[in-house]
Amino acid sequence: MTQPSQPTPLPDWQGIIDRFYPAGTRLRDIFMTHSRSVADLALELAKVNNLPLDPDLIEAAAMLHDIGIFLTHAPSIACTGSEPYIRHGILGAALLREAGAGEMMARVAELHTGSGLTSAEITQQKLPLPARDYLPSSLLEKLICYADKFYSKSGDMKRKNFDRVRGALAAKSSSAAERFDSLAGIFGRPANT
């Protein structure tokens with residue numbers, strides 16, 4: 001007789017953040033402001049759309065999606081690592097796996113960049129990533145990827161306008177804009193955009 005499957009326990013997302021982002025630093029302030037904004041939008045979209053996702057799961061995934069940025073070189077947002085910024089998703093996924101946060105959290109980190117990336121885009125743009133598809137597939141992965149597009153980690157960090165977000169993605173590739181449109185079709189336009 002098989003036991004019913006138990007839900008995956010949520011990671012201690014605050015403990016993981018505290019481990020890599022020391023209190024009182026500019027980088028932590030940027031990280032926390034951005035992650036909290038993404039979490040709040042993801043929770044708002046989940047509620048408006050009556051998504052079958054646990055709010056605590058959404059919050060954990062949103063708070064951890066950018067955990068790898070400190071390993072990258074992005075001085076404008078206080079990241080003093082050596083890796084190219086585009087790698088923060090795969091770096092964060094590795095950190096989350098090592099921290100025991102679970103594969104679900106690691107995948108959210110790994111797949112949220114842009115509106116997802118294809119192997120062809122990585123090759124065409126000569127991006128410093130292993131050439132494979134990084135496309136969100138689960139509802140949670142798609143939700144965090146979408147919510148993340150509306151917030152920058154620089155400037156005023158306020159919610160961006162929908163058309164501005166789509167335009168920036170379209171400037172990179174028509175495929176990126178099409179993937180964003182697909183996400184918008186699931187989650188709708190956030191309020192005040």
# chains A, B, ... in the order shown; residues from 1 in each chain; ligands from 1
>>> residues_around(residues="stretch 28-36 of chain A", least_positions_apart="5", cutoff="10 Å", atoms="only C-alpha atoms", output="ChimeraX atom specification")
/A:17-18,20-23,41-42,59-67,69-70,77-79,148,150-154,157-158
>>> write_last_selection(atoms="C-alpha atoms", output="PDB file, in the first residue's frame")
ATOM      1  CA  ILE A  17      18.716  35.271   1.903  1.00  0.00           C
ATOM      2  CA  ASP A  18      20.416  36.128   5.207  1.00  0.00           C
ATOM      3  CA  PHE A  20      24.129  35.391   1.106  1.00  0.00           C
ATOM      4  CA  TYR A  21      22.963  39.006   1.599  1.00  0.00           C
ATOM      5  CA  PRO A  22      24.323  40.586   4.785  1.00  0.00           C
ATOM      6  CA  ALA A  23      22.062  43.021   6.613  1.00  0.00           C
ATOM      7  CA  LEU A  41       2.786  41.336  -7.793  1.00  0.00           C
ATOM      8  CA  ALA A  42       2.844  37.545  -8.121  1.00  0.00           C
ATOM      9  CA  GLU A  59       6.197  34.174  -1.819  1.00  0.00           C
ATOM     10  CA  ALA A  60       9.130  31.775  -1.288  1.00  0.00           C
ATOM     11  CA  ALA A  61       9.745  31.394  -5.026  1.00  0.00           C
ATOM     12  CA  ALA A  62       9.559  35.145  -5.643  1.00  0.00           C
ATOM     13  CA  MET A  63      11.841  35.975  -2.739  1.00  0.00           C
ATOM     14  CA  LEU A  64      14.466  33.469  -3.960  1.00  0.00           C
ATOM     15  CA  HIS A  65      14.289  33.854  -7.749  1.00  0.00           C
ATOM     16  CA  ASP A  66      17.281  36.242  -7.932  1.00  0.00           C
ATOM     17  CA  ILE A  67      19.387  34.666  -5.164  1.00  0.00           C
ATOM     18  CA  ILE A  69      22.872  37.983  -8.419  1.00  0.00           C
ATOM     19  CA  PHE A  70      25.596  38.551  -5.808  1.00  0.00           C
ATOM     20  CA  ILE A  77      23.259  47.296  -8.442  1.00  0.00           C
ATOM     21  CA  ALA A  78      26.111  46.589  -5.987  1.00  0.00           C
ATOM     22  CA  CYS A  79      26.938  43.112  -7.348  1.00  0.00           C
ATOM     23  CA  ASP A 148       9.712  39.779 -12.469  1.00  0.00           C
ATOM     24  CA  PHE A 150       7.704  44.525 -14.214  1.00  0.00           C
ATOM     25  CA  TYR A 151      10.490  45.468 -11.795  1.00  0.00           C
ATOM     26  CA  SER A 152      14.068  46.528 -12.272  1.00  0.00           C
ATOM     27  CA  LYS A 153      16.797  46.417  -9.654  1.00  0.00           C
ATOM     28  CA  SER A 154      17.969  49.895 -10.672  1.00  0.00           C
ATOM     29  CA  MET A 157      12.419  50.301  -8.835  1.00  0.00           C
ATOM     30  CA  LYS A 158       8.721  51.128  -9.331  1.00  0.00           C
TER      31      LYS A 158
END
>>> select_by_dssp(residues="stretch 22-134 of chain A", states="strand (DSSP E or B)", output="mmCIF file with N, CA, C and O atoms, in the first residue's frame")
data_model
loop_
_atom_site.group_PDB
_atom_site.id
_atom_site.type_symbol
_atom_site.label_atom_id
_atom_site.label_comp_id
_atom_site.auth_asym_id
_atom_site.auth_seq_id
_atom_site.Cartn_x
_atom_site.Cartn_y
_atom_site.Cartn_z
ATOM 1 N N THR A 72 27.451 37.838 -9.556
ATOM 2 C CA THR A 72 27.664 38.453 -10.863
ATOM 3 C C THR A 72 28.338 39.817 -10.735
ATOM 4 O O THR A 72 28.380 40.413 -9.660
ATOM 5 N N HIS A 73 28.839 40.280 -11.877
ATOM 6 C CA HIS A 73 29.474 41.594 -11.933
ATOM 7 C C HIS A 73 28.473 42.594 -12.500
ATOM 8 O O HIS A 73 28.246 42.653 -13.715
ATOM 9 N N ALA A 74 27.819 43.319 -11.601
ATOM 10 C CA ALA A 74 26.846 44.348 -11.989
ATOM 11 C C ALA A 74 26.969 45.483 -10.980
ATOM 12 O O ALA A 74 26.146 45.639 -10.081
ATOM 13 N N CYS A 79 26.492 44.500 -7.204
ATOM 14 C CA CYS A 79 26.938 43.112 -7.348
ATOM 15 C C CYS A 79 28.410 43.129 -7.745
ATOM 16 O O CYS A 79 28.762 43.656 -8.801
ATOM 17 N N THR A 80 29.250 42.556 -6.909
ATOM 18 C CA THR A 80 30.693 42.638 -7.117
ATOM 19 C C THR A 80 31.328 41.286 -7.434
ATOM 20 O O THR A 80 32.532 41.114 -7.278
ATOM 21 N N GLU A 83 30.987 36.812 -12.352
ATOM 22 C CA GLU A 83 30.222 36.166 -13.423
ATOM 23 C C GLU A 83 29.402 37.190 -14.209
ATOM 24 O O GLU A 83 28.953 38.201 -13.652
ATOM 25 N N GLY A 114 14.588 36.910 -18.695
ATOM 26 C CA GLY A 114 13.840 37.372 -19.855
ATOM 27 C C GLY A 114 12.421 36.845 -19.757
ATOM 28 O O GLY A 114 11.824 36.819 -18.686
ATOM 29 N N GLY A 116 12.072 33.805 -20.668
ATOM 30 C CA GLY A 116 12.623 32.501 -20.972
ATOM 31 C C GLY A 116 13.627 32.672 -22.099
ATOM 32 O O GLY A 116 13.657 33.712 -22.782
ATOM 33 N N LEU A 117 14.493 31.702 -22.263
ATOM 34 C CA LEU A 117 15.502 31.741 -23.329
ATOM 35 C C LEU A 117 15.534 30.392 -24.019
ATOM 36 O O LEU A 117 15.432 29.352 -23.358
ATOM 37 N N TYR A 134 15.772 27.411 -21.610
ATOM 38 C CA TYR A 134 15.463 27.855 -20.241
ATOM 39 C C TYR A 134 14.081 28.504 -20.301
ATOM 40 O O TYR A 134 13.950 29.728 -20.254
#
>>> atom_distance(atom1="atom CA of A:Asp156", atom2="atom CA of A:Thr193")
15.3 Å
>>> closest_residue(among="A:Leu57, A:Ala184, A:Ile122, A:Ile144", to="A:Asp163", atoms="only C-alpha atoms")
A:Ala184
>>> atom_distance(atom1="atom CA of A:Pro75", atom2="atom CA of A:Tyr146")
25.0 Å
>>> closest_residue(among="A:Gly68, A:Pro84, A:Gly92, A:Gly188", to="A:Lys47", atoms="only C-alpha atoms")
A:Gly188
>>> select_by_dssp(residues="stretch 51-191 of chain A", states="alpha helix (DSSP H)", output="PyMOL selection string")
chain A and resi 55-64+88-98+103-111+119-124+139-148+162-172+174-187
>>> residues_around(residues="A:Pro130", least_positions_apart="6", cutoff="10 Å", atoms="only C-alpha atoms", output="list of chain:residue names")
A:Arg87, A:Ile90, A:Ser119, A:Ile122, A:Thr123
>>> atom_distance(atom1="atom CA of A:Glu178", atom2="atom CA of A:Met104")
24.8 Å
>>> closest_residue(among="A:Leu135, A:Asp54, A:Ser115, A:Asp12", to="A:Leu169", atoms="only C-alpha atoms")
A:Ser115
>>> closest_residue(among="A:Leu139, A:Leu53, A:Leu129, A:Leu45", to="A:Tyr85", atoms="only C-alpha atoms")
A:Leu129
>>> closest_residue(among="A:Val48, A:Ala39, A:Ala99, A:Ile86", to="A:Ile16", atoms="only C-alpha atoms")
A:Ala99
>>> closest_residue(among="A:Leu27, A:Val165, A:Ala120, A:Leu111", to="A:Asp181", atoms="only C-alpha atoms")
A:Val165
